[in-house]
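Source file data02.txt; content: compact mmCIF, C-alpha atoms.
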```txt
# COMPACT_ATOMS: atom_id res chain seq x y z
CA MET M 422 137.95 55.39 68.84
CA SER M 423 137.72 57.07 72.25
CA PHE M 424 137.32 60.44 70.50
CA PHE M 425 133.88 59.48 69.20
CA LYS M 426 132.89 57.72 72.39
CA LYS M 427 133.70 60.81 74.42
CA PHE M 428 131.64 63.05 72.18
CA PHE M 429 128.59 60.84 71.89
CA LYS M 430 128.57 59.80 75.54
CA ASN M 431 125.69 61.55 77.30
CA VAL M 432 124.32 63.14 74.11
CA ILE M 433 122.85 60.08 72.38
CA HIS M 434 119.17 60.11 73.17
CA ASP M 435 115.78 60.08 71.52
CA ARG M 436 114.78 63.53 70.41
CA ASP M 437 111.58 65.10 71.63
CA PRO M 438 110.89 68.28 69.61
CA ASP M 439 108.24 69.30 72.15
CA GLU M 440 111.00 69.84 74.75
CA ASP M 441 112.24 72.88 72.82
CA THR M 442 108.89 74.57 72.27
CA ILE M 443 106.32 76.41 74.32
CA THR M 444 102.74 77.18 73.39
CA VAL M 445 101.86 80.84 72.81
CA LYS M 446 98.26 81.62 71.82
CA GLY M 447 97.74 77.99 70.89
CA LYS M 448 100.78 77.82 68.62
CA PRO M 449 104.17 76.18 69.31
CA LYS M 450 107.02 78.66 69.67
CA PRO M 451 110.74 77.85 70.17
CA LYS M 452 112.00 78.27 73.73
CA PHE M 453 114.73 80.85 74.25
CA TYR M 454 118.05 79.30 75.23
CA GLY M 455 120.23 82.33 74.58
CA THR M 456 122.28 84.08 77.27
CA VAL M 457 121.85 87.59 75.82
CA ALA M 458 118.27 88.87 75.75
CA PRO M 459 116.77 92.26 74.82
CA TYR M 460 117.44 94.84 77.54
CA PRO M 461 114.09 95.74 79.15
CA ASN M 462 114.59 99.49 79.65
CA PHE M 463 116.37 100.09 76.38
CA SER M 464 117.22 103.56 75.11
CA ALA M 465 119.40 103.71 72.01
CA SER M 466 120.13 107.42 72.53
CA SER M 467 121.16 106.89 76.16
CA ASP M 468 123.42 103.96 75.24
CA ALA M 469 124.96 105.85 72.32
CA ALA M 470 125.74 108.80 74.59
CA GLY M 471 127.20 106.48 77.22
CA LEU M 472 129.44 104.76 74.68
CA GLU M 473 130.62 108.10 73.30
CA LYS M 474 131.59 109.22 76.79
CA ALA M 475 133.30 105.88 77.53
CA ILE M 476 135.36 106.11 74.33
CA GLU M 477 136.39 109.74 74.89
CA THR M 478 137.26 109.23 78.55
CA LYS M 479 140.99 109.41 79.24
CA GLY M 480 142.16 105.82 79.29
CA VAL M 481 138.83 104.56 77.84
CA ASP M 482 136.10 103.12 80.08
CA GLU M 483 136.21 99.50 78.93
CA ASP M 484 133.87 98.38 81.72
CA LEU M 485 131.05 100.60 80.50
CA ILE M 486 131.57 99.53 76.89
CA ILE M 487 131.41 95.87 77.90
CA SER M 488 128.35 96.41 80.08
CA VAL M 489 126.41 97.93 77.19
CA LEU M 490 127.49 95.45 74.52
CA VAL M 491 126.82 92.21 76.42
CA LYS M 492 123.52 93.34 77.93
CA ARG M 493 121.88 94.44 74.67
CA SER M 494 120.49 92.15 71.99
CA ASN M 495 121.87 92.29 68.47
CA ASP M 496 118.82 94.22 67.26
CA GLN M 497 119.35 96.76 70.02
CA ARG M 498 123.04 97.13 69.12
CA GLN M 499 122.06 97.88 65.53
CA GLN M 500 119.82 100.69 66.79
CA ILE M 501 122.65 102.06 68.94
CA LYS M 502 124.94 102.12 65.90
CA VAL M 503 122.44 104.21 63.92
CA VAL M 504 121.89 106.73 66.73
CA TYR M 505 125.63 106.94 67.50
CA GLU M 506 126.51 107.80 63.90
CA ALA M 507 123.66 110.30 63.64
CA SER M 508 124.79 112.11 66.79
CA THR M 509 128.58 111.97 66.34
CA GLY M 510 128.97 111.77 62.59
CA LYS M 511 131.26 108.75 63.08
CA ALA M 512 130.75 104.99 62.88
CA LEU M 513 130.66 103.27 66.27
CA ALA M 514 132.74 100.37 64.93
CA ASP M 515 135.49 102.76 63.80
CA ASP M 516 135.58 104.53 67.16
CA LEU M 517 135.70 101.25 69.09
CA LYS M 518 138.46 100.01 66.81
CA SER M 519 140.51 103.08 67.66
CA ALA M 520 139.75 102.93 71.38
CA LEU M 521 140.17 99.21 72.06
CA LYS M 522 142.83 96.67 71.21
CA SER M 523 143.56 92.98 70.79
CA ASP M 524 140.91 90.37 71.68
CA LEU M 525 138.58 92.85 73.41
CA GLU M 526 138.46 94.84 70.16
CA ASP M 527 137.70 91.67 68.18
CA VAL M 528 134.77 90.67 70.42
CA SER M 529 133.34 94.19 70.49
CA LEU M 530 133.43 94.58 66.71
CA ALA M 531 131.90 91.10 66.30
CA LEU M 532 129.00 92.10 68.56
CA LEU M 533 128.28 95.15 66.40
CA MET M 534 127.75 93.03 63.28
CA THR M 535 124.42 91.43 62.44
CA PRO M 536 124.50 87.61 62.65
CA ALA M 537 124.66 87.32 58.85
CA GLN M 538 127.44 89.93 58.63
CA PHE M 539 129.42 88.12 61.32
CA ASP M 540 129.04 84.74 59.61
CA ALA M 541 129.95 86.23 56.23
CA HIS M 542 133.00 87.86 57.82
CA GLN M 543 134.06 84.54 59.36
CA LEU M 544 133.67 82.73 56.04
CA ARG M 545 135.70 85.45 54.33
CA LYS M 546 138.51 85.08 56.87
CA ALA M 547 138.38 81.29 56.49
CA THR M 548 138.89 81.45 52.72
CA LYS M 549 141.20 84.44 52.30
CA GLY M 550 144.95 84.47 52.68
CA LEU M 551 147.30 81.55 53.10
CA GLY M 552 145.40 78.30 53.57
CA THR M 553 141.70 77.64 54.09
CA HIS M 554 140.13 77.01 57.48
CA GLU M 555 137.92 74.12 56.45
CA ASP M 556 136.52 73.54 59.94
CA VAL M 557 135.05 77.06 60.04
CA LEU M 558 133.32 76.56 56.68
CA VAL M 559 131.71 73.34 57.90
CA GLU M 560 130.81 74.72 61.33
CA ILE M 561 128.85 77.63 59.91
CA LEU M 562 127.18 75.93 56.95
CA ALA M 563 126.23 72.79 58.91
CA SER M 564 124.76 74.61 61.91
CA ARG M 565 122.74 77.44 60.35
CA THR M 566 119.13 77.28 59.14
CA ASN M 567 118.20 77.45 55.46
CA GLN M 568 117.07 81.06 55.85
CA GLU M 569 120.27 81.99 57.67
CA ILE M 570 122.41 80.45 54.91
CA ARG M 571 120.50 82.35 52.23
CA GLU M 572 120.99 85.59 54.18
CA ILE M 573 124.70 84.87 54.65
CA GLN M 574 125.10 84.42 50.89
CA ARG M 575 123.29 87.69 50.20
CA VAL M 576 125.39 89.64 52.70
CA PHE M 577 128.63 88.00 51.54
CA GLY M 578 127.93 89.12 47.97
CA GLU M 579 127.13 92.68 49.07
CA GLU M 580 130.11 93.03 51.41
CA TYR M 581 132.82 91.37 49.32
CA GLN M 582 131.57 91.75 45.74
CA GLU M 583 131.82 88.04 44.94
CA GLU M 584 129.58 85.04 45.36
CA LEU M 585 130.23 82.69 48.28
CA GLU M 586 129.66 79.69 46.00
CA ALA M 587 132.42 80.88 43.64
CA VAL M 588 134.81 81.39 46.56
CA ILE M 589 134.15 77.89 47.91
CA ARG M 590 134.69 76.39 44.45
CA SER M 591 138.03 78.15 44.10
CA GLU M 592 139.32 77.49 47.64
CA THR M 593 138.29 73.84 48.10
CA SER M 594 138.30 70.70 46.00
CA GLY M 595 136.84 67.25 45.42
CA ASP M 596 134.17 65.68 47.59
CA PHE M 597 134.68 68.37 50.21
CA THR M 598 133.58 71.02 47.71
CA THR M 599 130.56 68.91 46.76
CA ALA M 600 129.50 68.62 50.40
CA LEU M 601 129.89 72.36 51.08
CA LEU M 602 127.94 73.29 47.95
CA ALA M 603 125.17 70.89 48.98
CA LEU M 604 124.93 72.68 52.33
CA LEU M 605 125.01 76.02 50.54
CA LYS M 606 121.88 75.12 48.57
CA ALA M 607 119.96 75.72 51.80
CA ASN M 608 117.24 73.20 51.03
CA LYS M 609 117.68 70.91 54.02
CA ASP M 610 114.44 69.48 55.42
CA GLU M 611 113.63 71.39 58.62
CA ASP M 612 110.53 69.44 59.63
CA ASN M 613 110.63 67.70 63.02
CA GLU M 614 108.48 64.82 61.77
CA VAL M 615 110.43 61.56 61.50
CA ASP M 616 109.88 59.01 58.72
CA LEU M 617 110.94 55.65 60.16
CA ASP M 618 110.92 53.89 56.78
CA LEU M 619 113.14 56.59 55.29
CA ALA M 620 115.51 56.30 58.27
CA LYS M 621 115.84 52.55 57.65
CA ARG M 622 116.41 53.06 53.90
CA ASP M 623 119.00 55.77 54.47
CA ALA M 624 120.84 53.72 57.09
CA HIS M 625 120.96 50.74 54.72
CA ALA M 626 122.05 52.95 51.80
CA MET M 627 124.95 54.40 53.80
CA PHE M 628 126.00 50.95 54.97
CA GLU M 629 126.02 49.68 51.38
CA ALA M 630 127.89 52.78 50.19
CA GLY M 631 130.57 52.49 52.85
CA GLU M 632 131.29 49.41 54.88
CA ASN M 633 129.69 46.91 52.53
CA THR M 634 131.47 47.93 49.35
CA LYS M 635 135.03 48.20 48.12
CA GLY M 636 135.92 51.84 48.40
CA SER M 637 133.19 54.31 49.30
CA GLU M 638 130.39 56.00 47.40
CA VAL M 639 130.82 59.35 49.09
CA SER M 640 127.97 60.94 47.15
CA VAL M 641 125.45 58.77 49.02
CA PHE M 642 126.68 60.06 52.39
CA ILE M 643 126.70 63.65 51.14
CA ASP M 644 123.18 63.46 49.69
CA ILE M 645 121.67 62.04 52.89
CA LEU M 646 123.63 64.02 55.48
CA THR M 647 123.09 67.40 53.79
CA SER M 648 119.39 67.07 52.95
CA ARG M 649 117.67 65.39 55.92
CA SER M 650 116.47 67.20 59.04
CA CYS M 651 118.34 66.85 62.33
CA ALA M 652 115.47 64.82 63.80
CA GLN M 653 115.43 62.53 60.75
CA LEU M 654 119.19 62.03 60.84
CA SER M 655 119.14 61.23 64.55
CA LYS M 656 116.74 58.37 63.89
CA THR M 657 118.85 57.28 60.90
CA PHE M 658 121.96 57.10 63.11
CA GLN M 659 120.09 54.86 65.52
CA LYS M 660 118.93 52.62 62.67
CA TYR M 661 122.49 52.46 61.33
CA SER M 662 123.58 50.64 64.49
CA GLY M 663 121.07 47.95 63.55
CA VAL M 664 122.73 47.18 60.21
CA SER M 665 126.37 47.74 61.26
CA ASP M 666 128.63 46.68 64.10
CA VAL M 667 129.99 50.23 64.45
CA SER M 668 128.51 53.70 64.85
CA LEU M 669 128.20 55.95 61.81
CA PRO M 670 130.98 58.35 62.94
CA LYS M 671 133.36 55.41 63.36
CA ALA M 672 132.32 54.06 59.95
CA LEU M 673 133.05 57.46 58.37
CA HIS M 674 136.45 57.48 60.06
CA MET M 675 137.19 54.00 58.72
CA GLU M 676 136.02 54.65 55.17
CA LEU M 677 137.01 58.28 54.48
CA LYS M 678 140.08 60.45 54.89
CA GLY M 679 140.95 64.12 54.90
CA ASP M 680 138.62 67.12 54.69
CA ILE M 681 135.57 65.13 53.59
CA GLU M 682 135.90 62.82 56.62
CA ASP M 683 136.09 65.76 59.03
CA CYS M 684 133.23 67.50 57.21
CA LEU M 685 130.77 64.60 57.34
CA ILE M 686 131.65 63.73 60.94
CA ASP M 687 130.97 67.33 61.95
CA ILE M 688 127.63 67.23 60.12
CA VAL M 689 126.75 64.07 62.06
CA LYS M 690 127.70 65.68 65.37
CA CYS M 691 125.79 68.85 64.53
CA ALA M 692 122.68 66.90 63.55
CA TRP M 693 122.72 64.86 66.72
CA SER M 694 123.31 67.74 69.12
CA LYS M 695 124.31 71.29 68.16
CA PRO M 696 124.91 72.24 71.80
CA ALA M 697 127.30 69.31 72.28
CA PHE M 698 128.98 70.13 68.94
CA PHE M 699 129.67 73.69 70.07
CA ALA M 700 130.62 72.60 73.60
CA GLU M 701 133.35 70.44 72.08
CA LYS M 702 134.50 73.36 69.90
CA LEU M 703 134.87 75.55 72.99
CA HIS M 704 136.64 72.82 74.94
CA LEU M 705 139.19 72.21 72.19
CA ALA M 706 139.76 75.96 71.87
CA MET M 707 140.94 76.08 75.49
CA LYS M 708 142.45 72.62 75.88
CA GLY M 709 146.19 72.28 76.33
CA TYR M 710 148.77 75.00 75.82
CA GLY M 711 147.45 78.24 74.39
CA THR M 712 143.94 79.36 73.49
CA CYS M 713 142.28 79.54 70.08
CA ASP M 714 140.70 82.93 70.64
CA GLU M 715 139.13 83.03 67.17
CA THR M 716 137.07 79.91 67.92
CA LEU M 717 136.20 81.11 71.42
CA ILE M 718 134.93 84.44 70.09
CA ARG M 719 133.16 82.96 67.06
CA VAL M 720 131.17 80.41 69.06
CA LEU M 721 130.27 82.61 72.03
CA VAL M 722 129.17 85.52 69.84
CA SER M 723 127.21 83.42 67.32
CA ARG M 724 125.39 81.27 69.91
CA SER M 725 124.76 83.94 72.58
CA GLU M 726 121.21 84.62 71.32
CA VAL M 727 120.55 81.10 70.05
CA ASP M 728 121.41 78.25 72.42
CA LEU M 729 124.42 79.17 74.57
CA LYS M 730 122.58 78.08 77.74
CA LYS M 731 122.28 74.57 76.30
CA VAL M 732 125.89 74.66 75.10
CA MET M 733 127.01 75.48 78.65
CA ASP M 734 124.88 72.65 80.06
CA GLU M 735 126.43 70.17 77.62
CA TYR M 736 129.90 71.52 78.39
CA ARG M 737 129.48 70.73 82.07
CA THR M 738 128.05 67.30 81.31
CA MET M 739 130.82 66.38 78.87
CA TYR M 740 133.83 67.78 80.73
CA GLY M 741 132.83 67.98 84.41
CA ARG M 742 133.61 71.70 84.55
CA THR M 743 131.69 74.85 83.75
CA LEU M 744 132.51 76.86 80.67
CA GLN M 745 133.03 79.91 82.89
CA GLU M 746 135.66 78.08 84.97
CA ASP M 747 137.72 77.35 81.87
CA ILE M 748 137.31 80.90 80.52
CA LEU M 749 138.61 82.21 83.87
CA GLU M 750 141.64 79.93 83.59
CA ASP M 751 142.43 80.68 79.95
CA THR M 752 141.75 84.42 79.60
CA LYS M 753 142.28 87.60 81.60
CA GLY M 754 141.38 91.25 81.98
CA HIS M 755 138.62 92.94 80.03
CA TYR M 756 138.70 90.17 77.40
CA GLU M 757 137.79 87.67 80.13
CA LYS M 758 135.07 89.99 81.39
CA ILE M 759 133.34 90.38 78.02
CA LEU M 760 133.41 86.62 77.38
CA LEU M 761 131.91 85.90 80.81
CA GLY M 762 129.33 88.59 80.10
CA LEU M 763 128.25 86.71 76.99
CA CYS M 764 127.73 83.61 79.16
CA GLY M 765 124.95 85.45 80.99
CA PRO M 766 124.30 86.40 84.61
CA HIS M 767 125.52 83.17 86.23
```
Please go through the file and, once you have read it, give me the structure as structure tokens.
Amino acid sequence: MSFFKKFFKNVIHDRDPDEDTITVKGKPKPKFYGTVAPYPNFSASSDAAGLEKAIETKGVDEDLIISVLVKRSNDQRQQIKVVYEASTGKALADDLKSALKSDLEDVSLALLMTPAQFDAHQLRKATKGLGTHEDVLVEILASRTNQEIREIQRVFGEEYQEELEAVIRSETSGDFTTALLALLKANKDEDNEVDLDLAKRDAHAMFEAGENTKGSEVSVFIDILTSRSCAQLSKTFQKYSGVSDVSLPKALHMELKGDIEDCLIDIVKCAWSKPAFFAEKLHLAMKGYGTCDETLIRVLVSRSEVDLKKVMDEYRTMYGRTLQEDILEDTKGHYEKILLGLCGPH
């Protein structure tokens, strides 16, 4: 079970919610761990004009396009889109699609979407066409906040004229469907307060439902893992080691198989440490022969204004190399430049 040991090494620790907050006017406020922050001297009209010139330049000025996109926050990019269309009569996304190509085009178009639009787009891609990308469904639904999941569902319905819940029901099956729909309810506890008695009860319930019974009562795992807060689950995982000889991820691996096993293990990883969860995603995307560009783009774009600094810290801790070093080895050209730009000024 070296796979689990490698992941949980260096990330198993007691959580201290105060580490991730600062006090502003007497109230706790989340610290900013993103790599892309609002540009201080922002001018939507100036940026829109610059992008228009870069697109119309003979040969296209990719460097200028990249410089604008990776140094503006998502909110600022939305303003640029509005001004660009008002001044040119054309959609910025359409013009960039015509001017750019391949992976650079994919990253640029992703950066023009709102977070909810991007997530909805990723979920659509994961469920449309031949086969379903189950890992993408779990990644997004397990790592987003309740409010973000509700917004994703709203945008998905508007963009694709069908409900995300209906799509998941039609494209998945069994316990895996049940787990995804539980996440889709967006009613997970988001309080950082930990109930020690509840942690003990949940740990015992999962032990009885898995290792201590013939077969497995998967519903017990689903109910607990999709409804408790990350802080609560972290304490539950620690308590589980007190009633079992193995860690919870190893127990899930022993008791379950297929999509539901992968789903619940990813929920466990995400609850324990989202930065480590995404660091592993990025590492696997670049490990071995070839690069999974879709994963690389999805993670870097979606975490760039959330916690990419922490993801990069975990990456270095877990793999002994910086994320930028591996990007330099696995990518090239303007695609490499825009990905490094998303990693911040390091």
Can you tell me, as a compact mmCIF listing (two decimals) with C-alpha atoms, in the frame of the given file, what residues are no more than 8 Å from stretch 556-566 of chain M when counting only C-alpha atoms, ignoring any on the same chain fewer than 4 positions away?
```txt
# COMPACT_ATOMS: atom_id res chain seq x y z
CA ASP M 540 129.04 84.74 59.61
CA GLN M 543 134.06 84.54 59.36
CA LEU M 544 133.67 82.73 56.04
CA ALA M 547 138.38 81.29 56.49
CA ILE M 570 122.41 80.45 54.91
CA LEU M 601 129.89 72.36 51.08
CA LEU M 604 124.93 72.68 52.33
CA LEU M 605 125.01 76.02 50.54
CA ALA M 607 119.96 75.72 51.80
CA ASP M 683 136.09 65.76 59.03
CA CYS M 684 133.23 67.50 57.21
CA ASP M 687 130.97 67.33 61.95
CA ILE M 688 127.63 67.23 60.12
CA CYS M 691 125.79 68.85 64.53
CA LYS M 695 124.31 71.29 68.16
```
- Message: With only C-alpha atoms as the counted atoms, please give the residues lying no more than 12 Å from M:Ser488, apart from itself and same-chain residues fewer than 3 positions off, as a list in words.
- Response: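 Result of the neighbour search: Val457, Tyr460, Asp468, Gly471, Leu472, Ala475, Asp482, Glu483, Asp484, Leu485, Val491, Lys492, Arg493, Ser529, His755, Lys758, Ile759, Leu760, Leu761, Gly762, Leu763, Gly765 and Pro766 of chain M.
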- Query: Can you list, as number ranges by chain, every protein, DNA or RNA residue that comes within 12 Å of M:Glu506 when you count all atoms listed in the file, leaving out same-chain residues fewer than 3 positions away?
  - Reply: M: 465-466, 469-470, 472-473, 499-503, 509-516
- Task: Choose the residue, out of M:Phe577, M:Phe453, M:Pro459, M:Asn613, that has the smallest atom-to-atom separation from M:Pro536; count only C-alpha atoms.
- Result: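 Looking at the shortest contact to M:Pro536, the residue is M:Phe577.
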- Query: What is the distance between atom CA of M:Ala672 and atom CA of M:Glu632, in Å to one decimal?
  - Reply: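 Taking atom CA of M:Ala672 and atom CA of M:Glu632, their separation equals 7.0 Å.
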- Task: For M:Arg737, please output as a VMD selection string all residues within 12 Å (counting only C-alpha atoms; exclusion window: fewer than 6 positions along the same chain).
- Result: chain M and resid 431 696 to 697 700 to 701 703 to 704 730 to 731 743 to 747
- Message: Could you check the closest approach to M:Glu682 for each of M:Leu717, M:Leu551, M:Ala531, M:Leu669 and tell me which residue wins, using all atoms listed in the file?
- Response: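 Looking only at the distances to M:Glu682, the closest residue turns out to be M:Leu669.
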- Message: Can you pull out the residues contacting stretch 641-658 of chain M? Cut-off 10 Å, using all atoms listed in the file, and skip same-chain residues under 5 positions away; I want them as a VMD selection string.
- Response: chain M and resid 433 to 438 562 to 563 596 to 597 599 to 631 663 668 to 670 673 681 684 to 686 688 to 695
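The gap separating atom CA of M:His554 from atom CA of M:Asp714 is 14.4 Å, in Å to one decimal.
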- Using atom CA of M:Lys549 and atom CA of M:Tyr581 as the two end points, give the distance in Å to one decimal.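 Those two atoms sit 11.3 Å apart.
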- Query: Taking all atoms listed in the file into account, which of M:Ser494, M:Ser637, M:Thr716, M:Thr738 comes nearest M:Met534?
  - Reply: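 Between M:Ser494, M:Ser637, M:Thr716, M:Thr738, the residue approaching M:Met534 most closely is M:Ser494.
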